[in-house]
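S.K.: One file: input13.txt (compact mmCIF, C-alpha atoms and all ligand atoms).
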# COMPACT_ATOMS: atom_id res chain seq x y z
CA MET A 1082 10.34 14.93 -31.70
CA PRO A 1083 7.66 16.57 -33.92
CA ALA A 1084 4.71 18.29 -32.30
CA PHE A 1085 1.46 16.36 -31.86
CA ASN A 1086 -0.49 18.69 -34.06
CA ASP A 1087 2.01 18.68 -36.92
CA PRO A 1088 0.05 16.97 -39.73
CA THR A 1089 3.23 16.22 -41.70
CA HIS A 1090 4.64 14.17 -38.83
CA PRO A 1091 1.98 11.86 -37.43
CA THR A 1092 3.50 10.34 -34.29
CA ALA A 1093 2.42 7.77 -31.78
CA PRO A 1094 1.09 9.34 -28.57
CA GLU A 1095 3.61 9.74 -25.76
CA PRO A 1096 3.87 6.68 -23.54
CA VAL A 1097 2.32 7.01 -20.07
CA PRO A 1098 4.60 5.55 -17.38
CA PHE A 1099 3.09 3.50 -14.57
CA ILE A 1100 4.84 5.72 -12.05
CA ASP A 1101 7.06 8.78 -12.57
CA LEU A 1102 9.18 9.54 -9.53
CA VAL A 1103 11.36 11.86 -11.63
CA ALA A 1104 8.38 14.15 -12.31
CA GLN A 1105 7.70 14.45 -8.58
CA HIS A 1106 11.34 15.06 -7.74
CA GLN A 1107 11.49 17.97 -10.18
CA THR A 1108 8.88 19.80 -8.09
CA ILE A 1109 10.87 19.57 -4.81
CA LYS A 1110 14.46 19.33 -6.01
CA GLU A 1111 15.77 22.46 -4.25
CA GLU A 1112 14.11 21.64 -0.94
CA VAL A 1113 15.52 18.10 -1.00
CA ARG A 1114 18.98 19.35 -1.93
CA ALA A 1115 19.00 21.80 0.98
CA ALA A 1116 17.84 19.11 3.43
CA VAL A 1117 20.52 16.68 2.25
CA ASP A 1118 23.24 19.35 2.45
CA GLN A 1119 22.15 20.16 5.97
CA VAL A 1120 22.62 16.53 7.06
CA PHE A 1121 26.09 16.46 5.50
CA GLU A 1122 27.00 19.63 7.39
CA THR A 1123 26.16 17.93 10.69
CA GLN A 1124 27.60 14.49 9.72
CA HIS A 1125 24.95 12.84 11.89
CA PHE A 1126 23.76 10.02 9.70
CA VAL A 1127 21.93 7.54 11.91
CA LEU A 1128 18.93 8.44 14.12
CA GLY A 1129 19.57 11.80 15.86
CA GLU A 1130 17.81 15.13 15.52
CA GLU A 1131 16.36 14.66 12.00
CA VAL A 1132 14.84 11.31 12.95
CA ASP A 1133 13.45 12.73 16.21
CA GLN A 1134 11.84 15.54 14.24
CA LEU A 1135 10.39 13.19 11.65
CA GLU A 1136 8.99 10.96 14.41
CA ALA A 1137 7.31 13.95 16.04
CA GLU A 1138 5.88 15.12 12.71
CA ILE A 1139 4.58 11.67 11.71
CA ALA A 1140 3.06 11.17 15.17
CA ASP A 1141 1.33 14.52 14.73
CA TYR A 1142 0.23 13.70 11.16
CA CYS A 1143 -1.32 10.39 12.25
CA ASP A 1144 -2.56 11.80 15.58
CA ALA A 1145 -0.57 9.14 17.45
CA ARG A 1146 1.25 9.65 20.75
CA HIS A 1147 4.45 7.95 19.57
CA ALA A 1148 6.23 7.23 16.30
CA ILE A 1149 9.38 5.11 16.08
CA GLY A 1150 11.49 5.14 12.93
CA CYS A 1151 13.15 1.95 11.68
CA ALA A 1152 14.92 0.55 8.64
CA SER A 1153 11.93 -0.56 6.50
CA GLY A 1154 8.22 -1.32 6.49
CA THR A 1155 9.07 -4.99 6.81
CA ASP A 1156 11.10 -4.25 9.95
CA ALA A 1157 8.22 -2.13 11.27
CA LEU A 1158 6.05 -5.27 11.10
CA VAL A 1159 8.72 -7.56 12.60
CA LEU A 1160 9.54 -5.14 15.43
CA SER A 1161 5.84 -4.64 16.22
CA LEU A 1162 5.22 -8.38 16.44
CA LEU A 1163 8.23 -8.78 18.75
CA ALA A 1164 7.26 -5.78 20.89
CA LEU A 1165 3.87 -7.44 21.40
CA GLY A 1166 5.56 -10.66 22.47
CA ILE A 1167 4.46 -12.72 19.47
CA GLY A 1168 6.61 -15.69 18.53
CA PRO A 1169 6.73 -19.46 18.12
CA GLY A 1170 3.43 -21.24 18.73
CA ASP A 1171 1.37 -18.12 17.98
CA ASP A 1172 -0.99 -17.57 15.06
CA VAL A 1173 -1.47 -14.17 13.47
CA ILE A 1174 -4.54 -13.71 11.27
CA THR A 1175 -3.88 -11.84 8.04
CA SER A 1176 -4.75 -11.56 4.37
CA PRO A 1177 -3.32 -13.77 1.60
CA PHE A 1178 -3.87 -10.90 -0.87
CA THR A 1179 -1.06 -8.50 0.05
CA PHE A 1180 2.61 -7.79 -0.48
CA PHE A 1181 4.75 -10.69 0.69
CA ALA A 1182 6.24 -8.82 3.68
CA THR A 1183 2.99 -8.96 5.68
CA ALA A 1184 3.10 -12.73 6.10
CA GLY A 1185 6.89 -12.84 5.78
CA ALA A 1186 7.20 -10.77 8.97
CA ILE A 1187 4.88 -13.14 10.84
CA HIS A 1188 6.95 -16.13 9.74
CA ARG A 1189 10.19 -14.30 10.60
CA VAL A 1190 9.30 -13.99 14.29
CA GLY A 1191 8.51 -17.71 14.40
CA ALA A 1192 4.73 -17.29 14.41
CA ARG A 1193 2.30 -18.75 11.89
CA PRO A 1194 0.38 -16.70 9.33
CA LYS A 1195 -3.27 -17.73 9.49
CA PHE A 1196 -4.93 -16.53 6.33
CA VAL A 1197 -8.57 -15.61 5.89
CA ASP A 1198 -10.17 -14.46 2.66
CA ILE A 1199 -10.84 -10.91 1.49
CA ASP A 1200 -13.90 -8.85 0.72
CA PRO A 1201 -14.29 -8.86 -3.09
CA VAL A 1202 -15.13 -5.14 -3.29
CA THR A 1203 -12.39 -3.59 -1.14
CA TYR A 1204 -9.84 -6.46 -1.32
CA ASN A 1205 -9.41 -5.99 2.44
CA LEU A 1206 -9.81 -8.70 5.10
CA ASP A 1207 -13.37 -9.94 5.52
CA PRO A 1208 -14.08 -9.33 9.25
CA GLN A 1209 -16.67 -12.11 9.46
CA GLN A 1210 -14.06 -14.63 8.37
CA VAL A 1211 -11.58 -13.14 10.84
CA GLU A 1212 -14.13 -13.68 13.62
CA ASP A 1213 -14.68 -17.29 12.55
CA ALA A 1214 -10.93 -17.94 12.47
CA ILE A 1215 -10.11 -16.68 15.96
CA ASP A 1216 -9.19 -19.43 18.40
CA GLU A 1217 -6.95 -19.90 21.45
CA ASN A 1218 -3.76 -19.79 19.31
CA THR A 1219 -4.64 -16.44 17.76
CA LYS A 1220 -2.27 -13.86 19.26
CA ALA A 1221 -2.79 -10.95 16.86
CA ILE A 1222 -4.78 -9.73 13.88
CA MET A 1223 -2.82 -8.01 11.13
CA PRO A 1224 -5.14 -6.28 8.66
CA VAL A 1225 -3.57 -4.67 5.59
CA HIS A 1226 -4.96 -1.36 4.33
CA ILE A 1227 -4.60 -2.61 0.81
CA PHE A 1228 -3.91 -0.10 -1.99
CA GLY A 1229 -4.45 2.82 0.44
CA GLN A 1230 -7.95 2.19 1.85
CA CYS A 1231 -8.38 1.08 5.45
CA ALA A 1232 -9.74 -2.32 6.34
CA ASP A 1233 -13.05 -2.51 8.24
CA MET A 1234 -11.32 -1.41 11.43
CA GLU A 1235 -14.27 -0.87 13.74
CA THR A 1236 -15.36 -4.50 13.41
CA LEU A 1237 -11.78 -5.70 13.75
CA TRP A 1238 -11.21 -3.45 16.76
CA ARG A 1239 -14.21 -4.98 18.50
CA LEU A 1240 -12.88 -8.47 17.82
CA SER A 1241 -9.50 -7.40 19.14
CA VAL A 1242 -10.95 -6.00 22.38
CA ARG A 1243 -13.40 -8.84 22.95
CA ASN A 1244 -10.70 -11.48 22.49
CA ASN A 1245 -7.93 -9.45 24.10
CA ILE A 1246 -5.59 -9.77 21.13
CA PRO A 1247 -3.63 -6.88 19.62
CA LEU A 1248 -4.39 -5.38 16.24
CA ILE A 1249 -1.37 -4.56 14.06
CA GLU A 1250 -2.16 -2.35 11.09
CA ASP A 1251 -0.07 -3.04 8.02
CA ALA A 1252 -0.50 0.56 6.89
CA CYS A 1253 2.51 0.45 4.55
CA GLN A 1254 0.35 1.57 1.62
CA ALA A 1255 -1.92 3.86 3.58
CA ILE A 1256 -0.21 6.86 5.15
CA GLY A 1257 -2.85 9.57 5.53
CA ALA A 1258 -5.77 7.22 4.85
CA GLU A 1259 -8.75 7.84 7.15
CA TYR A 1260 -11.40 5.60 8.57
CA ARG A 1261 -14.34 7.45 10.16
CA GLY A 1262 -12.20 10.56 10.52
CA ARG A 1263 -9.25 8.83 12.18
CA ARG A 1264 -5.97 8.22 10.44
CA ALA A 1265 -4.33 4.91 9.62
CA GLY A 1266 -1.81 4.14 12.34
CA VAL A 1267 -4.13 4.88 15.26
CA LEU A 1268 -6.85 2.38 14.37
CA GLY A 1269 -5.21 -0.53 16.13
CA THR A 1270 -2.59 -1.28 18.78
CA VAL A 1271 0.30 -0.34 16.49
CA GLY A 1272 0.52 0.93 12.92
CA CYS A 1273 3.34 0.03 10.50
CA PHE A 1274 4.42 2.25 7.62
CA SER A 1275 6.94 1.92 4.81
CA PHE A 1276 8.97 4.70 3.18
CA PHE A 1277 9.89 2.55 0.16
CA PRO A 1278 10.32 5.00 -2.74
CA THR A 1279 7.05 4.04 -4.49
CA LYS A 1280 4.88 4.47 -1.39
CA ASN A 1281 2.91 7.72 -1.10
CA LEU A 1282 5.58 9.06 1.26
CA GLY A 1283 8.73 7.54 -0.18
CA GLY A 1284 12.34 8.12 0.80
CA ALA A 1285 15.56 7.86 -1.19
CA GLY A 1286 15.93 4.23 -0.16
CA ASP A 1287 14.44 1.97 2.49
CA GLY A 1288 12.84 3.20 5.69
CA GLY A 1289 9.84 2.62 7.92
CA ILE A 1290 8.03 3.89 11.01
CA ILE A 1291 5.70 2.51 13.67
CA THR A 1292 2.95 4.50 15.40
CA THR A 1293 1.31 3.69 18.72
CA ASP A 1294 -0.49 5.36 21.61
CA ASP A 1295 0.98 2.87 24.09
CA ALA A 1296 4.03 4.24 25.92
CA GLU A 1297 5.30 0.80 26.96
CA ILE A 1298 5.14 -0.61 23.46
CA ALA A 1299 6.85 2.54 22.17
CA ALA A 1300 9.68 2.14 24.68
CA ARG A 1301 10.15 -1.50 23.72
CA LEU A 1302 10.20 -0.64 20.02
CA LYS A 1303 12.83 2.03 20.66
CA ARG A 1304 15.15 -0.45 22.29
CA LEU A 1305 14.47 -3.33 19.90
CA ARG A 1306 15.72 -1.21 16.99
CA VAL A 1307 19.07 -0.65 18.78
CA HIS A 1308 19.98 -4.15 19.99
CA GLY A 1309 17.74 -3.92 23.04
CA ASP A 1310 19.83 -1.10 24.50
CA VAL A 1311 17.94 1.06 26.99
CA GLY A 1312 20.90 3.49 27.09
CA GLY A 1313 24.49 3.35 28.27
CA TYR A 1314 25.09 -0.12 26.76
CA ASN A 1315 22.49 -1.71 28.99
CA HIS A 1316 20.96 -4.44 26.86
CA VAL A 1317 17.80 -5.69 28.52
CA GLU A 1318 16.93 -7.97 25.60
CA VAL A 1319 18.43 -8.91 22.24
CA GLY A 1320 17.16 -6.69 19.46
CA PHE A 1321 18.30 -5.67 15.99
CA ASN A 1322 20.03 -2.97 14.09
CA SER A 1323 16.98 -1.43 12.47
CA ARG A 1324 17.55 2.31 12.62
CA LEU A 1325 16.35 5.03 10.30
CA ASP A 1326 18.99 7.15 8.57
CA ALA A 1327 19.08 10.90 9.11
CA LEU A 1328 19.31 11.46 5.34
CA GLN A 1329 16.07 9.56 4.84
CA ALA A 1330 14.41 11.45 7.69
CA ALA A 1331 15.50 14.82 6.29
CA ILE A 1332 14.15 13.98 2.82
CA LEU A 1333 10.93 12.53 4.24
CA ARG A 1334 10.37 15.68 6.30
CA VAL A 1335 10.48 17.71 3.10
CA LYS A 1336 8.09 15.34 1.36
CA LEU A 1337 5.70 15.14 4.32
CA ARG A 1338 4.96 18.84 3.80
CA HIS A 1339 3.59 17.97 0.34
CA LEU A 1340 1.84 14.73 1.21
CA GLU A 1341 -1.71 16.05 1.66
CA LYS A 1342 -1.58 17.82 -1.70
CA TRP A 1343 -0.16 14.71 -3.41
CA SER A 1344 -2.81 12.41 -1.89
CA GLU A 1345 -5.54 14.82 -2.96
CA ALA A 1346 -4.15 14.75 -6.51
CA ARG A 1347 -4.31 10.94 -6.45
CA ARG A 1348 -7.96 11.07 -5.32
CA GLN A 1349 -8.70 13.63 -8.01
CA ASN A 1350 -7.12 11.33 -10.64
CA ALA A 1351 -9.25 8.45 -9.37
CA ARG A 1352 -12.42 10.55 -9.68
CA ARG A 1353 -11.42 11.53 -13.20
CA TYR A 1354 -10.92 7.88 -14.18
CA SER A 1355 -14.40 7.02 -12.87
CA GLU A 1356 -15.90 9.81 -14.94
CA LEU A 1357 -13.97 8.75 -18.06
CA PHE A 1358 -14.88 5.07 -17.63
CA ARG A 1359 -18.55 5.97 -17.34
CA GLY A 1360 -18.30 8.06 -20.49
CA LEU A 1361 -16.62 5.20 -22.34
CA ASN A 1362 -19.29 2.68 -21.22
CA LEU A 1363 -16.65 0.54 -19.59
CA LEU A 1364 -18.57 -0.31 -16.44
CA SER A 1365 -19.97 -3.57 -17.82
CA SER A 1366 -16.41 -4.91 -18.25
CA ILE A 1367 -14.51 -3.42 -15.34
CA ASP A 1368 -15.06 -2.68 -11.66
CA PRO A 1369 -13.23 0.51 -10.65
CA PRO A 1370 -12.13 0.79 -7.01
CA VAL A 1371 -14.89 1.67 -4.55
CA THR A 1372 -14.23 4.12 -1.71
CA ALA A 1373 -16.56 3.53 1.24
CA ALA A 1374 -18.46 6.61 2.46
CA ASP A 1375 -16.68 6.72 5.82
CA GLN A 1376 -13.19 6.39 4.33
CA ARG A 1377 -10.50 8.59 2.88
CA HIS A 1378 -8.58 6.53 0.30
CA VAL A 1379 -5.00 7.56 -0.51
CA PHE A 1380 -4.65 5.42 -3.66
CA ASN A 1381 -1.15 4.08 -3.32
CA GLN A 1382 -2.52 1.94 -6.15
CA TYR A 1383 -5.53 2.50 -8.39
CA THR A 1384 -6.62 -1.08 -8.81
CA LEU A 1385 -9.60 -2.19 -10.82
CA ARG A 1386 -11.04 -5.57 -11.68
CA ILE A 1387 -11.31 -6.68 -15.29
CA ARG A 1388 -14.10 -9.17 -15.72
CA GLY A 1389 -14.40 -12.14 -18.03
CA GLY A 1390 -10.88 -13.56 -17.91
CA MET A 1391 -9.49 -10.73 -20.05
CA ARG A 1392 -6.91 -9.29 -17.65
CA GLU A 1393 -3.74 -10.70 -19.26
CA SER A 1394 -4.78 -9.72 -22.79
CA VAL A 1395 -5.90 -6.27 -21.70
CA MET A 1396 -2.61 -5.73 -19.90
CA GLN A 1397 -0.58 -6.85 -22.94
CA TYR A 1398 -2.59 -4.56 -25.19
CA MET A 1399 -2.11 -1.55 -22.92
CA ARG A 1400 1.61 -2.14 -22.61
CA SER A 1401 1.95 -2.50 -26.38
CA GLU A 1402 0.29 0.93 -26.63
CA GLY A 1403 2.82 2.40 -24.22
CA VAL A 1404 0.52 2.67 -21.22
CA GLY A 1405 2.07 1.43 -17.99
CA CYS A 1406 0.02 -0.95 -15.85
CA ALA A 1407 0.83 -3.66 -13.32
CA VAL A 1408 -0.66 -6.53 -11.35
CA TYR A 1409 -0.66 -6.29 -7.56
CA TYR A 1410 -0.64 -9.15 -6.68
CA PRO A 1411 -0.49 -12.01 -9.17
CA ILE A 1412 0.04 -14.85 -6.65
CA PRO A 1413 -1.85 -14.97 -3.33
CA LEU A 1414 0.41 -15.82 -0.42
CA HIS A 1415 -1.17 -19.21 0.37
CA LEU A 1416 0.04 -20.32 -3.09
CA GLN A 1417 3.66 -19.27 -2.50
CA LYS A 1418 6.19 -22.09 -2.42
CA CYS A 1419 7.64 -20.95 0.91
CA PHE A 1420 4.20 -21.15 2.56
CA GLU A 1421 3.40 -24.69 1.35
CA TYR A 1422 4.17 -25.85 4.88
CA LEU A 1423 1.07 -24.01 6.12
CA GLY A 1424 -0.96 -26.67 4.35
CA TYR A 1425 -3.62 -24.55 2.63
CA SER A 1426 -5.39 -25.96 -0.41
CA ALA A 1427 -5.17 -23.90 -3.60
CA GLU A 1428 -8.93 -23.18 -3.38
CA ALA A 1429 -8.93 -22.18 0.28
CA PHE A 1430 -9.40 -18.45 -0.51
CA PRO A 1431 -11.50 -18.11 -3.67
CA GLU A 1432 -11.83 -14.31 -3.53
CA SER A 1433 -8.09 -13.86 -3.17
CA ASN A 1434 -7.52 -16.19 -6.13
CA ARG A 1435 -10.12 -14.35 -8.19
CA ALA A 1436 -8.58 -10.98 -7.33
CA ALA A 1437 -5.11 -12.23 -8.27
CA ASP A 1438 -6.51 -13.29 -11.67
CA GLU A 1439 -8.57 -10.18 -12.35
CA VAL A 1440 -6.96 -7.06 -10.88
CA LEU A 1441 -5.01 -4.47 -12.82
CA SER A 1442 -3.42 -1.30 -11.44
CA LEU A 1443 -3.27 1.83 -13.59
CA PRO A 1444 -1.03 4.91 -13.30
CA ILE A 1445 -2.29 7.11 -10.44
CA PHE A 1446 0.75 9.20 -9.45
CA SER A 1447 0.05 12.80 -8.44
CA GLU A 1448 1.69 14.49 -11.42
CA LEU A 1449 -0.43 12.76 -14.11
CA THR A 1450 -1.84 15.30 -16.57
CA ASP A 1451 -5.41 15.22 -17.80
CA GLU A 1452 -4.10 14.29 -21.23
CA GLN A 1453 -2.41 11.25 -19.70
CA LEU A 1454 -5.53 10.24 -17.76
CA VAL A 1455 -7.59 10.45 -20.94
CA ARG A 1456 -5.00 8.44 -22.82
CA VAL A 1457 -4.98 5.67 -20.17
CA ALA A 1458 -8.79 5.46 -20.14
CA THR A 1459 -9.02 5.46 -23.93
CA VAL A 1460 -6.40 2.75 -24.33
CA LEU A 1461 -8.11 0.67 -21.64
CA SER A 1462 -11.37 1.03 -23.53
CA ASP A 1463 -9.68 0.05 -26.83
CA ALA A 1464 -8.06 -2.90 -25.10
CA VAL A 1465 -11.38 -4.13 -23.71
CA SER A 1466 -13.12 -3.79 -27.12
CA SER A 1467 -10.31 -5.48 -28.97
CA VAL A 1468 -10.06 -8.39 -26.52
CA THR A 1469 -13.86 -8.77 -26.40
CA ALA A 1470 -13.97 -8.84 -30.20
CA LEU A 1471 -11.40 -11.64 -30.19
CA GLN A 1472 -13.33 -13.57 -27.55
CA PHE A 1473 -16.71 -13.12 -29.22
CA PRO A 1474 -15.88 -12.90 -32.94
CA SER A 1475 -19.53 -13.37 -34.01
CA GLY A 1476 -20.70 -9.96 -32.89
CA GLY A 1477 -20.68 -10.59 -29.16
CA ASN A 1478 -19.01 -7.25 -28.73
CA THR A 1479 -21.86 -5.36 -30.39
CA GLU A 1480 -24.47 -7.13 -28.30
CA ARG A 1481 -22.48 -6.45 -25.20
CA LYS A 1482 -22.27 -2.76 -25.99
CA ALA A 1483 -25.94 -2.52 -26.79
CA ALA A 1484 -26.88 -4.22 -23.54
C1 LIG B 1501 5.64 -2.01 1.02
C2 LIG B 1501 4.89 -2.91 1.90
C3 LIG B 1501 5.51 -3.57 2.97
C4 LIG B 1501 6.99 -3.58 3.23
O1 LIG B 1501 7.62 -2.38 3.23
P1 LIG B 1501 9.19 -2.28 2.92
O2 LIG B 1501 9.52 -0.89 3.34
O3 LIG B 1501 9.37 -2.51 1.47
O4 LIG B 1501 9.90 -3.31 3.74
C5 LIG B 1501 4.71 -4.33 3.81
N1 LIG B 1501 3.40 -4.47 3.59
C6 LIG B 1501 2.78 -3.87 2.56
C7 LIG B 1501 1.31 -4.06 2.38
C8 LIG B 1501 3.51 -3.10 1.67
O5 LIG B 1501 2.88 -2.53 0.62
Just give me the structure as structure tokens.

M.R.:
Amino acid sequence: MPAFNDPTHPTAPEPVPFIDLVAQHQTIKEEVRAAVDQVFETQHFVLGEEVDQLEAEIADYCDARHAIGCASGTDALVLSLLALGIGPGDDVITSPFTFFATAGAIHRVGARPKFVDIDPVTYNLDPQQVEDAIDENTKAIMPVHIFGQCADMETLWRLSVRNNIPLIEDACQAIGAEYRGRRAGVLGTVGCFSFFPTKNLGGAGDGGIITTDDAEIAARLKRLRVHGDVGGYNHVEVGFNSRLDALQAAILRVKLRHLEKWSEARRQNARRYSELFRGLNLLSSIDPPVTAADQRHVFNQYTLRIRGGMRESVMQYMRSEGVGCAVYYPIPLHLQKCFEYLGYSAEAFPESNRAADEVLSLPIFSELTDEQLVRVATVLSDAVSSVTALQFPSGGNTERKAA
């Protein structure tokens, strides 16, 4: 491929991928290889020493007393609900604007997802609406730290204490996020994390972990993941096979050592986008993500809002220019076919619907170069101008820019 600055070979700019796990792997290849080899030498593949070590290190990282590894983030949610005794006849309050697994886990244990709408700025649960929704059937609140920023946990914690109902953090996108100086995973009764490869701490396959300060809940989680066995084939209740593999634990332990640096790079990228968007006068057409003053965002996604019904066209334009972008999430959960039985009207959660129509996530991975960040911002700006020009062919674009 000819060089960029070769005037005899004008080329299209390099595409910018939405996420580049290969780039990250290149930086830790040897460490991962050594960790994997070590597991093969021992031939201990399920739970065992590596998983114990990872659990201790994650507990330490989150400042939790206990961490219990399991097979996925979804299982972390299911196991937590079961460990808290939630099942048929119980309602669990959660957000309709999240990955499917949040509400899927509630349904799976036989309980009922009770949705309340989100805050339009943070896309997290609106605590006032949570308060209004609590009734005698409410047996837990499951806030999601969406995109890597914690929900308004102090308000939710108060509701949880006052009503004596547990608080389950769906922290699957938020490892290392902080709320008033405390880490995700210790802001509720239990915290659930996912090691899916695209999460900030991603394994080489599925995996998950649960954090808690409660020794009894921790003990129950430990037995639920191994068929309810308390040791010596004594099954005190019926559980699951939801164990974490030693290979995953070994790889995750390597990656955990880099996590702070990677999250800082994501935050740095987010700051750079804000600066570029300001420079490009984009702030009348888009709303970049807002990090509250008392929060540390870890940007599993960098999700902005595109105003004026332009999201689909802007996304098409960016993709045609080779810039990766994606919509998380295009369909709120109350509109999913499988949740029709819950009986919500399509308009029940207007902010969730509006978010689903307007959000767009841009590349934010740690290894992005400044050249790539500039390219993404420039193409976004071109996309917005081009779509605005199509929408307002009689000079609306010029007026808009002058305004
Ligand atoms: C990824 C994710 C999950 C599920 O995690 P898996 O490991 O894929 O099962 C649950 N909730 C949220 C918000 C997620 O982002």

S.K.: When you look at Ser1241 in chain A with a cut-off of 9 Å (counting all atoms listed in the file), what residues show up, excluding the ones that are within fewer than 4 positions of it in the same chain? I need them as a PyMOL selection string.

M.R.: chain A and resi 1221-1222+1236-1237+1245-1248+1269

S.K.: Given 6 Å of margin on each side, can you work out the centre and size in Å (one decimal) of an axis-aligned box holding every listed atom of range 1180-1194 of chain A, as AutoDock Vina command-line options?

M.R.:
--center_x 5.3 --center_y -13.3 --center_z 7.0 --size_x 21.8 --size_y 23.0 --size_z 26.9

S.K.: Rank nothing, just name the residue among A:Ile1174, A:Ala1184, A:Val1379, A:Ala1299 nearest to ligand LIG 1501 (chain B), using all atoms listed in the file.

M.R.: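 Going through A:Ile1174, A:Ala1184, A:Val1379, A:Ala1299 one by one, the smallest distance to ligand LIG 1501 (chain B) is for A:Ala1184.
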
S.K.: Could you pull out the residues sitting within 6 Å of ligand LIG 1501 (chain B), using all atoms listed in the file, and write them as a PyMOL selection string?

M.R.: chain A and resi 1153-1155+1179-1180+1182-1183+1225+1251+1253-1254+1275-1277+1287-1289

S.K.: From the set A:Pro1431, A:Gly1191, A:Pro1413, A:Gly1262, which residue has the shortest atom-to-atom contact distance to Asp1171 in chain A, counting all atoms listed in the file?

M.R.: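 Among the listed residues, A:Gly1191 lies closest to Asp1171 in chain A.
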
S.K.: Select, from A:Gln1417, A:Asn1218, A:Thr1292, A:Ser1462, the residue with the minimum atom-to-atom distance to Thr1270 in chain A, counting only C-alpha atoms.

M.R.: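 Of A:Gln1417, A:Asn1218, A:Thr1292, A:Ser1462, the one nearest Thr1270 in chain A is A:Thr1292, counting only C-alpha atoms.
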
S.K.: Quick one: residues within 12 Å of Arg1263 in chain A, only C-alpha atoms, excluding same-chain residues fewer than 6 positions away - as a ChimeraX atom specification?

M.R.: /A:1142-1145,1231,1234-1235,1256-1257,1269,1375-1377

S.K.: From the list A:Gln1107, A:Ser1394, A:Asn1322, A:Ser1466, which residue is nearest Ser1365 in chain A when using all atoms listed in the file?

M.R.: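 The answer is A:Ser1466, which sits nearest to Ser1365 in chain A.
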
S.K.: Between A:Thr1175, A:Ser1401, A:Ser1161, A:Thr1279, which one has atoms that come closest to Asn1381 in chain A, using all atoms listed in the file?

M.R.: A:Thr1279

S.K.: Have a look at A:Leu1282, A:Ala1140, A:Val1465, A:Val1311 and name the one nearest to Ser1366 in chain A; count all atoms listed in the file.

M.R.: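 Nearest candidate to Ser1366 in chain A out of A:Leu1282, A:Ala1140, A:Val1465, A:Val1311: A:Val1465.
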
S.K.: State, in Å with one decimal place, the distance from CA of Cys1273 in chain A to CA of Asp1200 in chain A.

M.R.: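 Value for the CA of Cys1273 in chain A-CA of Asp1200 in chain A distance: 21.7 Å.
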
S.K.: Counting only C-alpha atoms, write as a list in words all protein and nucleic acid residues lying at most 10 Å from (-4.6, 6.8, -21.9) in the file's frame.

M.R.: Pro1094, Glu1095, Pro1096, Val1097, Met1399, Glu1402, Gly1403, Val1404, Gly1405, Leu1443, Pro1444, Asp1451, Glu1452, Gln1453, Leu1454, Val1455, Arg1456, Val1457, Ala1458, Thr1459, Val1460, Leu1461, Ser1462 and Asp1463 of chain A

S.K.: So the first atom is CA of Gln1397 in chain A and the second is CA of Thr1092 in chain A; what is the distance between them in Å, to one decimal place?

M.R.: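 That distance, rounded to one decimal, is 21.0 Å.
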
S.K.: As an exercise, work out the distance from CA of His1106 in chain A to CA of Lys1336 in chain A in Å and give it to one decimal place.

M.R.: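 Separation of CA of His1106 in chain A and CA of Lys1336 in chain A: 9.7 Å.
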
S.K.: If you count all atoms listed in the file, which residues fall within 9 Å of Ile1290 in chain A, apart from same-chain ones fewer than 5 positions away, as a ChimeraX atom specification?

M.R.: /A:1136,1139,1148-1154,1156-1157,1272-1276,1325

S.K.: Around (-9.3, -22.4, 1.0) in the file's frame, which residues reach within 12 Å when counting all atoms listed in the file? Return as a list in words?

M.R.: Pro1177, Lys1195, Phe1196, Val1197, Asp1198, Ile1199, Gln1210, Pro1413, Leu1414, His1415, Leu1416, Leu1423, Gly1424, Tyr1425, Ser1426, Ala1427, Glu1428, Ala1429, Phe1430, Pro1431, Glu1432, Ser1433 and Asn1434 of chain A
